[in-house]
Amino acid sequence: MPVDILSEVTCVQNIADGTFRLVLDAPEIAEKARPGQFAMVGFGSPFYDPFLRRPLAFAKAEWGRIEFTLRVVGWGTALLADISTGDQMPILGPLGNGFEKPEGRAILVAGGIGLPPLAFAASRWKDVVLLYGEKTASALCHLPHELECEKDIATEDGSDGRKGLVTDNLEEHIKKKPGTVYCCGPVPMLKEAVKICRGLNVRCYVSLEARMACGVGACMGCVIPAINGYKRVCKDGPVFDADEIDWEALGD
Amino acid sequence: MPVDILSEVTCVQNIADGTFRLVLDAPEIAEKARPGQFAMVGFGSPFYDPFLRRPLAFAKAEWGRIEFTLRVVGWGTALLADISTGDQMPILGPLGNGFEKPEGRAILVAGGIGLPPLAFAASRWKDVVLLYGEKTASALCHLPHELECEKDIATEDGSDGRKGLVTDNLEEHIKKKPGTVYCCGPVPMLKEAVKICRGLNVRCYVSLEARMACGVGACMGCVIPAINGYKRVCKDGPVFDADEIDWEALGD
Amino acid sequence: MIDLSIRIGSLELKNPVLTASGCFGVGREYSEIYDISSLGGIVTKTITLRPREGNLPPRIWETPAGMLNSIGLANPGVKSFIETEIPFLRDIECVRIVSVAGETIGEFVELVGEIAPLEEVDAIEINISCPNVEQGGLTFGTDPVVITELVGKLRPVTKKPLWVKLTPNVTNIVATGKAAVDAGADALCAINTLLGMAIDTDTRKPRLGNVTGGLSGPAILPVALVKVYELYREFPEIPIIGIGGIGSPTEAIAHMLAGASAVQVGSGLFSYPRLPLDIIESFEEYCDEQGFSSVREITGSLIIPEI
Amino acid sequence: MIDLSIRIGSLELKNPVLTASGCFGVGREYSEIYDISSLGGIVTKTITLRPREGNLPPRIWETPAGMLNSIGLANPGVKSFIETEIPFLRDIECVRIVSVAGETIGEFVELVGEIAPLEEVDAIEINISCPNVEQGGLTFGTDPVVITELVGKLRPVTKKPLWVKLTPNVTNIVATGKAAVDAGADALCAINTLLGMAIDTDTRKPRLGNVTGGLSGPAILPVALVKVYELYREFPEIPIIGIGGIGSPTEAIAHMLAGASAVQVGSGLFSYPRLPLDIIESFEEYCDEQGFSSVREITGSLIIPEI
Ligand SMILES: Cc1cc2nc3c(=O)[nH]c(=O)nc-3n(C[C@H](O)[C@H](O)[C@H](O)COP(=O)(O)OP(=O)(O)OC[C@H]3O[C@@H](n4cnc5c(N)ncnc54)[C@H](O)[C@@H]3O)c2cc1C
Ligand SMILES: Cc1cc2nc3c(=O)[nH]c(=O)nc-3n(C[C@H](O)[C@H](O)[C@H](O)COP(=O)(O)OP(=O)(O)OC[C@H]3O[C@@H](n4cnc5c(N)ncnc54)[C@H](O)[C@@H]3O)c2cc1C
Ligand SMILES: Cc1cc2nc3c(=O)[nH]c(=O)nc-3n(C[C@H](O)[C@H](O)[C@H](O)COP(=O)(O)O)c2cc1C
Ligand SMILES: Cc1cc2nc3c(=O)[nH]c(=O)nc-3n(C[C@H](O)[C@H](O)[C@H](O)COP(=O)(O)O)c2cc1C
Ligand code: FES
Ligand code: FES
């Protein structure tokens, strides 16, 4: 059951290129939020532009606080990054289905700002390997440092970690120790991961993004093409079994 | 000739109940601005709500800086008061006719946030008396402290200065030493001042307010009823000879 | 104590605040967030005869102070709706309105025929104003002759109140409203969305999969108010449900002042899911301030100064 | 080098950015702020036969992402306009368009007759879309039959280009546009303001002295784009001047993509007086990015994905 609350910002921190850590006091949400779920975050302004809330995945939820990792990609996220400690933000959550905890090993594949929900999963699950890729070292986010799980970090330009794409070693990781794969990131990365998983016949879950209005499943605005008809990202997802998705119709 | 510039905020200060002092770096404007003139102040936001700039009178203009005294009365002024040192604000000015400097004595009558343009006049002119009224002590603004002219300060509740309305002593001041009267403040106050001036047959100028769109005289949006037709507050005013105005049609 | 109750024809509502079609589902999702029985009423997503997948995504685009949608009446069809959604409505203690849209007059008749017997439904909203479908929608809503025929054919099918939802995409909403009223509509709902579009200048493509969509949100408030005002001046006896641009209680009050007997909150729900509850509270305060003893006194109490 | 010049019929403009009627006077005030000769063109405030005081104040109200105005065509009348304003236009080195509005077809004919001989005027914009006057205005702009008659009567009066400014307050802008085109209009300007109103809930009075007004600004962008798009699809050969909701260069580009050959900036001037200059610059950058060598290639180059 989601709640809609005004929540106080307790910390805002610029942690990487255009990337911010937001911590909020929200006990009602923190106790319920599961990895892969998200919140609709409002601006708390008396003005109507921007009008819609923005979906953000939980990066953490503990001790009555929730944490988001926010990457500025447009004006809405810029405005969210510009808030100050003590401000009140409207938060509706937790929303969406979240990841299902696997039986055995979890192989998490995070591309760019796809990291937060998977880092949250890594903090809650056992027997996890986290693959995380960014363009360059300065974009790398702090979350993996806080995790004790096995990690494989890559940058495209090799400025930190392994040089290459996050998916380059996925096959190797699966072969080394099979498990369930969970991915979040840009669509081309998801498609690559899904291809690899299909080749090796391992189960793969993906967390998808779509523009949202209600965030709760009421407006039918955030649909993506699934094998048998449209699915709502906000309510039926954001996490889908890769086999459910009509990847061709999805576009990039 | 007005200029349209992005101007850096060098100081924001809460100086009285809901009243803020804004200082901006704007040499091109500061050298031209005269008492009674104003600027159209924008929000510098990529969002379109609020949409229109707000007119603010100059409270000072010296050493390459301009100063506004802003009272929060709605969401637009609240947003303007919320800016920070270092922010860039769009400023179009100086605009409007401004006060004409009198031959002899100037009797300035300021009600509430009508003070800034008259304080500016007091700082530039000689032989001045400034009458300034507020509801209560906590609303009184700092500007008079910086002025060396004769002052007569009143609060409606008597919590500071003389108890009563700013216009209570106007007749007395005029009789003591006649001069030209300049008024800025709420319409009922202006009407009272005009009545007194007419009774004593002294010249009276008033600075009027109206909702503005362009601020430069192009849109015909800010008109007020004058004796022979509508006049634009932004271009024909904001300062008018009291005899020009159709006070009855003006409303309150 | 302020009396918040209103009447729309024979229907009694405990307060004048409803949720608008397409923005609230049947209330299932929002009922997880708060008690939707405290609303005056709910209007379901528009239901069609056959299931509809809806339009190609993206279906949503944010615009200055508003949004475009091109959902395209995605819904499971009336049969499945009656099976799976109507039971949910059974225990909702507010007025329940089902919105319907057909591609032909025959389909409308069939739809109303299916809905009419259901005791879980208190009224039927006739959606002749959806800009996002090829058949039906605006082709019905813009022609007074067609509206008269349509409503005339529906009127004998049910004793339930028929509300007709009008489009603002017309030269003269009084003409389309009159057509509905003359043919027996119990209330007029105004407005549905304005036709609009948005373009991604980088890719040079439309932002919506369906190219055009419906504009809603505070951006359209001034248009909605003038339509309600025009309808109210013409039909002071016909209840008008004000819809469009309600993003805070003030705009709901403005709709009532312009002549609405009740309001529906649409996309404002997305910014503030609890907005309808805030509006109900504010109506009470507003009546207090204005010296009204009933919320009904707000309706049409706009003061037009003599010139 | 990107070629920024365009043609609207026989007229050559050095770039496709104009200022919209009523938002720029004759340019006198803005010429104090920057060199208005660098614009593609300017459209004057609408001029009428007799002087008009305009409507009762307040005439301006800010709305979410937009504004309402009810100026009511305040202007000194054509005689005084020719005496006092036309001399100012003499030295302006961009295309100068005078906007006119009559209360009757006869008045329009007389007005165009007065303006036609002036060499300081490069084209005439026929305003049949002002929502703020009782006579003329929308009564002309909403009826295709009247439009055909009007434009047909004006066509023989002058060889100067006649631009017809359309209202969005119609069911079908293609019909009103067609009426103008068939009767000989050289270009279509779309859109004028949307009819709207605002209410002060505290005093229960309308915010505007004239009760209703015209809605403009970014709030109406989606509506403006769809109208331009509809007109362009129907009349690919007729130049369309896109107006409505341009608050930054992006929106101007969107208008061009939808099918406009040029744009007019209206209330966006109030937020950013230099906006037209920014747009001109951005057109150059945009052509560079998109690999266009002329700004004319932007027009209508919207890509509609096949479904
Ligand atoms: C379930 C979910 C979880 C997410 N979690 C995170 C997260 O943890 N951290 C993070 O930085 N970002 C996350 N995003 C993406 C984030 O919501 C977008 O980056 C943001 O909405 C962009 O807003 P904007 O105004 O800055 O961008 P603009 O492009 O200016 O926005 C314009 C419009 O597009 C929508 N939009 C743009 N990009 C996206 C997108 N990728 N997904 C959904 N809507 C979009 C906006 O909501 C807005 O309505 C998540 C998205 C989803 C769907
Ligand atoms: C020439 C001139 C000089 C001014 N100088 C000052 C000054 O030095 N300090 C100061 O605090 N205020 C001054 N004002 C008043 C100030 O412009 C308004 O208080 C401000 O515009 C209110 O904006 P808002 O959004 O907070 O109010 P809201 O009431 O929320 O505004 C809604 C709309 O009404 C307009 N509006 C509201 N009140 C006024 C008003 N009194 N005058 C003009 N437009 C209004 C706003 O611009 C906006 O479009 C001046 C006004 C004028 C015309
Ligand atoms: C996402 C969305 C879906 C909608 N679906 C419907 C619908 O199915 N039937 C209908 O009559 N109106 C539909 N509408 C229109 C709304 O009910 C309402 O008339 C319109 O949005 C204006 O109100 P608003 O400004 O409060 O949103 C929809 C609106 C939105 C935003
Ligand atoms: C204050 C104001 C005055 C206007 N006066 C006129 C006018 O005299 N004639 C006219 O054709 N349009 C007039 N318009 C409409 C504009 O020219 C333009 O069509 C409309 O505002 C939409 O464009 P925008 O969103 O860029 O403002 C006026 C608009 C405003 C805001
Ligand atoms: S955003 Fe409304 S259904 Fe998903
Ligand atoms: S605000 Fe435009 S003329 Fe004064």
# chains A, B, ... in the order shown; residues from 1 in each chain; ligands from 1
>>> closest_atom_pairs(of="chain C", to="ligand 1", cutoff="12 Å", atoms="only C-alpha atoms and all ligand atoms", output="Markdown table")
| residue | atom | partner | partner_atom_place_in_ligand_line | distance |
| --- | --- | --- | --- | --- |
| C:Pro58 | CA | ligand 1 | 34 (O) | 10.1 |
| C:Arg59 | CA | ligand 1 | 49 (O) | 11.1 |
| C:Ile60 | CA | ligand 1 | 49 (O) | 7.7 |
| C:Trp61 | CA | ligand 1 | 49 (O) | 5.9 |
| C:Glu62 | CA | ligand 1 | 49 (O) | 4.7 |
| C:Thr63 | CA | ligand 1 | 49 (O) | 8.1 |
| C:Pro64 | CA | ligand 1 | 49 (O) | 10.4 |
| C:Ala65 | CA | ligand 1 | 49 (O) | 11.1 |
| C:Gly66 | CA | ligand 1 | 49 (O) | 10.0 |
| C:Met67 | CA | ligand 1 | 49 (O) | 8.3 |
| C:Leu68 | CA | ligand 1 | 49 (O) | 10.1 |
| C:Asn69 | CA | ligand 1 | 49 (O) | 11.4 |
| C:Ala198 | CA | ligand 1 | 32 (C) | 11.5 |
| C:Ile199 | CA | ligand 1 | 32 (C) | 11.9 |
| C:Asp200 | CA | ligand 1 | 29 (O) | 10.3 |
| C:Asp202 | CA | ligand 1 | 29 (O) | 11.9 |
| C:Arg207 | CA | ligand 1 | 34 (O) | 9.6 |
| C:Leu208 | CA | ligand 1 | 34 (O) | 11.4 |
| C:Phe270 | CA | ligand 1 | 49 (O) | 11.4 |
| C:Ser271 | CA | ligand 1 | 49 (O) | 11.5 |
>>> residues_near_ligand(ligand="ligand 4", cutoff="6 Å", atoms="only C-alpha atoms and all ligand atoms", output="list in words")
Cys219 of chain B; Ala20, Ser21, Gly22, Cys23, Lys45, Thr46, Asn69, Leu73, Asn127, Ile191, Asn192, Thr193, Ser216, Gly217, Ile243, Gly244, Gly245, Ile246, Val265, Gly266, Ser267 and Gly268 of chain D
>>> write_last_selection(atoms="N, CA and C atoms", output="mmCIF file, in the first residue's frame")
data_model
loop_
_atom_site.group_PDB
_atom_site.id
_atom_site.type_symbol
_atom_site.label_atom_id
_atom_site.label_comp_id
_atom_site.auth_asym_id
_atom_site.auth_seq_id
_atom_site.Cartn_x
_atom_site.Cartn_y
_atom_site.Cartn_z
ATOM 1 N N CYS B 219 2.053 46.863 -24.999
ATOM 2 C CA CYS B 219 0.913 45.932 -25.024
ATOM 3 C C CYS B 219 -0.420 46.545 -24.621
ATOM 4 N N ALA D 20 4.560 39.273 -32.994
ATOM 5 C CA ALA D 20 3.126 39.111 -33.202
ATOM 6 C C ALA D 20 2.368 40.394 -32.878
ATOM 7 N N SER D 21 1.256 40.524 -33.534
ATOM 8 C CA SER D 21 0.433 41.719 -33.364
ATOM 9 C C SER D 21 0.002 41.915 -31.910
ATOM 10 N N GLY D 22 0.084 43.155 -31.459
ATOM 11 C CA GLY D 22 -0.414 43.508 -30.136
ATOM 12 C C GLY D 22 0.599 43.352 -29.035
ATOM 13 N N CYS D 23 1.736 42.717 -29.347
ATOM 14 C CA CYS D 23 2.728 42.456 -28.306
ATOM 15 C C CYS D 23 3.975 43.313 -28.493
ATOM 16 N N LYS D 45 0.415 46.305 -33.883
ATOM 17 C CA LYS D 45 -0.850 46.207 -33.161
ATOM 18 C C LYS D 45 -1.976 46.331 -34.176
ATOM 19 N N THR D 46 -3.070 45.619 -33.982
ATOM 20 C CA THR D 46 -4.198 45.711 -34.905
ATOM 21 C C THR D 46 -4.779 47.129 -34.903
ATOM 22 N N ASN D 69 -5.379 38.245 -21.853
ATOM 23 C CA ASN D 69 -5.464 39.682 -22.074
ATOM 24 C C ASN D 69 -6.827 40.017 -22.634
ATOM 25 N N LEU D 73 -8.321 45.715 -28.613
ATOM 26 C CA LEU D 73 -7.876 46.469 -29.793
ATOM 27 C C LEU D 73 -7.763 47.975 -29.553
ATOM 28 N N ASN D 127 -6.962 40.590 -39.291
ATOM 29 C CA ASN D 127 -7.258 39.996 -37.983
ATOM 30 C C ASN D 127 -8.747 39.716 -37.871
ATOM 31 N N ILE D 191 -1.716 30.800 -34.422
ATOM 32 C CA ILE D 191 -3.071 31.089 -34.033
ATOM 33 C C ILE D 191 -3.151 32.401 -33.252
ATOM 34 N N ASN D 192 -4.349 32.941 -33.208
ATOM 35 C CA ASN D 192 -4.644 33.998 -32.253
ATOM 36 C C ASN D 192 -4.923 33.332 -30.898
ATOM 37 N N THR D 193 -5.354 34.090 -29.928
ATOM 38 C CA THR D 193 -5.534 33.555 -28.570
ATOM 39 C C THR D 193 -6.767 32.656 -28.453
ATOM 40 N N SER D 216 -2.822 33.213 -24.034
ATOM 41 C CA SER D 216 -1.610 33.088 -24.842
ATOM 42 C C SER D 216 -0.474 32.579 -23.979
ATOM 43 N N GLY D 217 0.680 32.360 -24.597
ATOM 44 C CA GLY D 217 1.847 31.901 -23.850
ATOM 45 C C GLY D 217 2.053 30.401 -23.973
ATOM 46 N N ILE D 243 2.179 30.844 -34.846
ATOM 47 C CA ILE D 243 2.093 31.755 -33.696
ATOM 48 C C ILE D 243 1.489 30.990 -32.526
ATOM 49 N N GLY D 244 1.994 31.241 -31.334
ATOM 50 C CA GLY D 244 1.349 30.672 -30.160
ATOM 51 C C GLY D 244 2.300 29.875 -29.313
ATOM 52 N N GLY D 245 2.547 30.360 -28.113
ATOM 53 C CA GLY D 245 3.263 29.576 -27.123
ATOM 54 C C GLY D 245 4.764 29.560 -27.258
ATOM 55 N N ILE D 246 5.304 30.427 -28.084
ATOM 56 C CA ILE D 246 6.763 30.424 -28.246
ATOM 57 C C ILE D 246 7.400 31.179 -27.080
ATOM 58 N N VAL D 265 6.469 35.820 -32.586
ATOM 59 C CA VAL D 265 6.611 35.717 -31.134
ATOM 60 C C VAL D 265 5.677 36.729 -30.488
ATOM 61 N N GLY D 266 4.805 36.267 -29.622
ATOM 62 C CA GLY D 266 3.843 37.147 -28.965
ATOM 63 C C GLY D 266 4.224 37.381 -27.520
ATOM 64 N N SER D 267 3.471 36.775 -26.610
ATOM 65 C CA SER D 267 3.684 37.093 -25.198
ATOM 66 C C SER D 267 5.034 36.615 -24.668
ATOM 67 N N GLY D 268 5.718 35.740 -25.403
ATOM 68 C CA GLY D 268 7.078 35.378 -25.017
ATOM 69 C C GLY D 268 8.000 36.594 -24.935
#
>>> atom_distance(atom1="CA of Phe240 in chain B", atom2="CA of Pro2 in chain B")
20.1 Å
>>> interface_residues(of="chain A", to="chain C", cutoff="10 Å", atoms="only C-alpha atoms", output="MDAnalysis selection string")
chainID A and resid 1:5 40:44 46:54 90:93 210:225 229:231 235 249:250
>>> interface_residues(of="chain D", to="chain C", cutoff="7 Å", atoms="only C-alpha atoms", output="list in words")
Pro64, Ala65, Thr142, Asn169, Val170, Thr171, Leu195, Gly196, Met197, Ala198, Ile199, Thr201, Arg204, Lys205, Pro206, Pro218, Ala219, Pro222, Val223, Leu225, Val226, Thr250, Ile253, Ala254, Leu302, Ile303 and Ile304 of chain D
>>> residues_near_ligand(ligand="ligand 2", cutoff="7 Å", atoms="only C-alpha atoms and all ligand atoms", output="number ranges by chain")
B: 38, 52-59, 68-78, 113-114, 116-117, 208-212, 234, 238; D: 61-62
>>> residues_around(residues="Pro87 in chain D", least_positions_apart="3", cutoff="12 Å", atoms="only C-alpha atoms", output="mmCIF file with all heavy atoms, in the first residue's frame")
data_model
loop_
_atom_site.group_PDB
_atom_site.id
_atom_site.type_symbol
_atom_site.label_atom_id
_atom_site.label_comp_id
_atom_site.auth_asym_id
_atom_site.auth_seq_id
_atom_site.Cartn_x
_atom_site.Cartn_y
_atom_site.Cartn_z
ATOM 1 N N VAL D 26 4.365 49.192 -32.521
ATOM 2 C CA VAL D 26 4.946 49.218 -33.867
ATOM 3 C C VAL D 26 6.439 48.951 -33.777
ATOM 4 O O VAL D 26 7.161 49.087 -34.759
ATOM 5 C CB VAL D 26 4.731 50.563 -34.598
ATOM 6 C CG1 VAL D 26 3.266 50.757 -34.930
ATOM 7 C CG2 VAL D 26 5.265 51.718 -33.772
ATOM 8 N N ARG D 28 8.396 50.587 -31.572
ATOM 9 C CA ARG D 28 9.051 51.781 -31.048
ATOM 10 C C ARG D 28 9.732 51.490 -29.700
ATOM 11 O O ARG D 28 10.903 51.791 -29.506
ATOM 12 C CB ARG D 28 7.991 52.862 -30.863
ATOM 13 C CG ARG D 28 8.516 54.267 -30.778
ATOM 14 C CD ARG D 28 7.367 55.210 -30.402
ATOM 15 N NE ARG D 28 6.459 55.489 -31.503
ATOM 16 C CZ ARG D 28 6.722 56.349 -32.491
ATOM 17 N NH1 ARG D 28 7.871 56.980 -32.518
ATOM 18 N NH2 ARG D 28 5.842 56.562 -33.445
ATOM 19 N N SER D 80 -4.884 58.395 -37.506
ATOM 20 C CA SER D 80 -3.832 58.830 -36.596
ATOM 21 C C SER D 80 -2.635 57.877 -36.669
ATOM 22 O O SER D 80 -1.481 58.303 -36.575
ATOM 23 C CB SER D 80 -4.412 58.896 -35.184
ATOM 24 O OG SER D 80 -3.421 58.725 -34.230
ATOM 25 N N PHE D 81 -2.905 56.592 -36.880
ATOM 26 C CA PHE D 81 -1.832 55.615 -37.025
ATOM 27 C C PHE D 81 -0.937 55.987 -38.209
ATOM 28 O O PHE D 81 0.292 55.960 -38.113
ATOM 29 C CB PHE D 81 -2.427 54.219 -37.225
ATOM 30 C CG PHE D 81 -1.409 53.149 -37.523
ATOM 31 C CD1 PHE D 81 -0.632 52.604 -36.507
ATOM 32 C CD2 PHE D 81 -1.220 52.687 -38.824
ATOM 33 C CE1 PHE D 81 0.306 51.621 -36.787
ATOM 34 C CE2 PHE D 81 -0.288 51.704 -39.108
ATOM 35 C CZ PHE D 81 0.477 51.173 -38.089
ATOM 36 N N ILE D 82 -1.557 56.334 -39.316
ATOM 37 C CA ILE D 82 -0.775 56.674 -40.509
ATOM 38 C C ILE D 82 0.071 57.922 -40.262
ATOM 39 O O ILE D 82 1.235 57.989 -40.645
ATOM 40 C CB ILE D 82 -1.703 56.848 -41.738
ATOM 41 C CG1 ILE D 82 -2.293 55.483 -42.124
ATOM 42 C CG2 ILE D 82 -0.953 57.455 -42.920
ATOM 43 C CD1 ILE D 82 -3.292 55.516 -43.261
ATOM 44 N N GLU D 83 -0.521 58.863 -39.549
ATOM 45 C CA GLU D 83 0.228 60.092 -39.263
ATOM 46 C C GLU D 83 1.375 59.880 -38.290
ATOM 47 O O GLU D 83 2.483 60.350 -38.513
ATOM 48 C CB GLU D 83 -0.706 61.123 -38.628
ATOM 49 C CG GLU D 83 -1.259 62.131 -39.598
ATOM 50 C CD GLU D 83 -2.359 62.930 -38.917
ATOM 51 O OE1 GLU D 83 -2.124 63.431 -37.785
ATOM 52 O OE2 GLU D 83 -3.465 63.011 -39.486
ATOM 53 N N THR D 84 1.081 59.174 -37.193
ATOM 54 C CA THR D 84 2.072 59.158 -36.107
ATOM 55 C C THR D 84 2.970 57.928 -36.104
ATOM 56 O O THR D 84 4.090 57.994 -35.620
ATOM 57 C CB THR D 84 1.372 59.249 -34.726
ATOM 58 O OG1 THR D 84 0.535 58.108 -34.576
ATOM 59 C CG2 THR D 84 0.546 60.515 -34.610
ATOM 60 N N ARG D 90 9.282 53.783 -41.482
ATOM 61 C CA ARG D 90 10.015 54.065 -42.713
ATOM 62 C C ARG D 90 11.428 53.473 -42.705
ATOM 63 O O ARG D 90 11.844 52.848 -43.673
ATOM 64 C CB ARG D 90 10.072 55.584 -42.948
ATOM 65 C CG ARG D 90 10.519 55.969 -44.347
ATOM 66 C CD ARG D 90 10.088 57.383 -44.673
ATOM 67 N NE ARG D 90 8.637 57.555 -44.563
ATOM 68 C CZ ARG D 90 8.031 58.705 -44.226
ATOM 69 N NH1 ARG D 90 8.742 59.779 -43.951
ATOM 70 N NH2 ARG D 90 6.715 58.758 -44.159
ATOM 71 N N ASP D 91 12.143 53.653 -41.614
ATOM 72 C CA ASP D 91 13.556 53.266 -41.601
ATOM 73 C C ASP D 91 13.817 51.882 -41.015
ATOM 74 O O ASP D 91 14.961 51.517 -40.754
ATOM 75 C CB ASP D 91 14.371 54.303 -40.822
ATOM 76 C CG ASP D 91 14.243 55.678 -41.456
ATOM 77 O OD1 ASP D 91 14.154 55.729 -42.701
ATOM 78 O OD2 ASP D 91 14.199 56.660 -40.710
ATOM 79 N N ILE D 92 12.762 51.138 -40.760
ATOM 80 C CA ILE D 92 12.945 49.806 -40.202
ATOM 81 C C ILE D 92 13.274 48.850 -41.345
ATOM 82 O O ILE D 92 12.487 48.697 -42.277
ATOM 83 C CB ILE D 92 11.664 49.328 -39.468
ATOM 84 C CG1 ILE D 92 11.226 50.344 -38.407
ATOM 85 C CG2 ILE D 92 11.874 47.954 -38.859
ATOM 86 C CD1 ILE D 92 12.218 50.602 -37.318
ATOM 87 N N LEU D 118 0.548 52.704 -48.825
ATOM 88 C CA LEU D 118 1.719 53.128 -48.053
ATOM 89 C C LEU D 118 2.935 52.278 -48.386
ATOM 90 O O LEU D 118 2.911 51.058 -48.243
ATOM 91 C CB LEU D 118 1.420 52.998 -46.541
ATOM 92 C CG LEU D 118 0.183 53.743 -46.040
ATOM 93 C CD1 LEU D 118 -0.112 53.338 -44.595
ATOM 94 C CD2 LEU D 118 0.383 55.247 -46.155
ATOM 95 N N GLU D 119 4.004 52.931 -48.784
ATOM 96 C CA GLU D 119 5.174 52.134 -49.157
ATOM 97 C C GLU D 119 5.939 51.633 -47.938
ATOM 98 O O GLU D 119 6.819 50.792 -48.066
ATOM 99 C CB GLU D 119 6.080 52.903 -50.112
ATOM 100 C CG GLU D 119 6.566 54.239 -49.570
ATOM 101 C CD GLU D 119 7.472 54.931 -50.590
ATOM 102 O OE1 GLU D 119 7.148 54.871 -51.812
ATOM 103 O OE2 GLU D 119 8.485 55.496 -50.170
ATOM 104 N N GLU D 120 5.584 52.159 -46.778
ATOM 105 C CA GLU D 120 6.217 51.672 -45.552
ATOM 106 C C GLU D 120 5.622 50.342 -45.112
ATOM 107 O O GLU D 120 6.052 49.767 -44.100
ATOM 108 C CB GLU D 120 6.030 52.685 -44.409
ATOM 109 C CG GLU D 120 6.758 53.989 -44.598
ATOM 110 C CD GLU D 120 5.948 54.982 -45.437
ATOM 111 O OE1 GLU D 120 4.886 54.582 -45.971
ATOM 112 O OE2 GLU D 120 6.398 56.125 -45.575
ATOM 113 N N VAL D 121 4.628 49.872 -45.820
ATOM 114 C CA VAL D 121 3.952 48.641 -45.417
ATOM 115 C C VAL D 121 4.183 47.561 -46.474
ATOM 116 O O VAL D 121 3.942 47.789 -47.654
ATOM 117 C CB VAL D 121 2.435 48.891 -45.229
ATOM 118 C CG1 VAL D 121 1.730 47.604 -44.832
ATOM 119 C CG2 VAL D 121 2.212 49.981 -44.186
#
>>> residues_around(residues="Lys175 in chain A", least_positions_apart="6", cutoff="12 Å", atoms="only C-alpha atoms", output="ChimeraX atom specification")
/A:107,169,196-197,199-202
>>> write_last_selection(atoms="N, CA, C and O atoms", output="PDB file, in the first residue's frame")
ATOM      1  N   ILE A 107      22.725 -12.193 -10.190  1.00  0.00           N
ATOM      2  CA  ILE A 107      23.706 -11.462 -10.991  1.00  0.00           C
ATOM      3  C   ILE A 107      23.049 -10.160 -11.418  1.00  0.00           C
ATOM      4  O   ILE A 107      22.082 -10.156 -12.177  1.00  0.00           O
ATOM      5  N   ASN A 169      31.471  -8.881 -19.528  1.00  0.00           N
ATOM      6  CA  ASN A 169      31.816 -10.051 -18.712  1.00  0.00           C
ATOM      7  C   ASN A 169      30.622 -10.854 -18.231  1.00  0.00           C
ATOM      8  O   ASN A 169      30.779 -11.778 -17.424  1.00  0.00           O
ATOM      9  N   ILE A 196      22.389 -12.392 -24.125  1.00  0.00           N
ATOM     10  CA  ILE A 196      23.343 -13.277 -23.455  1.00  0.00           C
ATOM     11  C   ILE A 196      22.606 -14.304 -22.583  1.00  0.00           C
ATOM     12  O   ILE A 196      22.900 -15.503 -22.610  1.00  0.00           O
ATOM     13  N   CYS A 197      21.628 -13.822 -21.824  1.00  0.00           N
ATOM     14  CA  CYS A 197      20.889 -14.729 -20.931  1.00  0.00           C
ATOM     15  C   CYS A 197      20.151 -15.809 -21.728  1.00  0.00           C
ATOM     16  O   CYS A 197      20.095 -16.962 -21.332  1.00  0.00           O
ATOM     17  N   GLY A 199      20.964 -16.936 -24.601  1.00  0.00           N
ATOM     18  CA  GLY A 199      21.963 -17.870 -25.117  1.00  0.00           C
ATOM     19  C   GLY A 199      22.333 -18.923 -24.078  1.00  0.00           C
ATOM     20  O   GLY A 199      22.556 -20.092 -24.401  1.00  0.00           O
ATOM     21  N   LEU A 200      22.375 -18.465 -22.823  1.00  0.00           N
ATOM     22  CA  LEU A 200      22.809 -19.385 -21.758  1.00  0.00           C
ATOM     23  C   LEU A 200      21.626 -19.994 -21.020  1.00  0.00           C
ATOM     24  O   LEU A 200      21.809 -20.738 -20.048  1.00  0.00           O
ATOM     25  N   ASN A 201      20.430 -19.581 -21.480  1.00  0.00           N
ATOM     26  CA  ASN A 201      19.219 -20.131 -20.891  1.00  0.00           C
ATOM     27  C   ASN A 201      19.106 -19.863 -19.385  1.00  0.00           C
ATOM     28  O   ASN A 201      18.756 -20.744 -18.610  1.00  0.00           O
ATOM     29  N   VAL A 202      19.430 -18.636 -18.989  1.00  0.00           N
ATOM     30  CA  VAL A 202      19.181 -18.270 -17.585  1.00  0.00           C
ATOM     31  C   VAL A 202      18.058 -17.233 -17.535  1.00  0.00           C
ATOM     32  O   VAL A 202      17.840 -16.485 -18.478  1.00  0.00           O
TER      33      VAL A 202
END
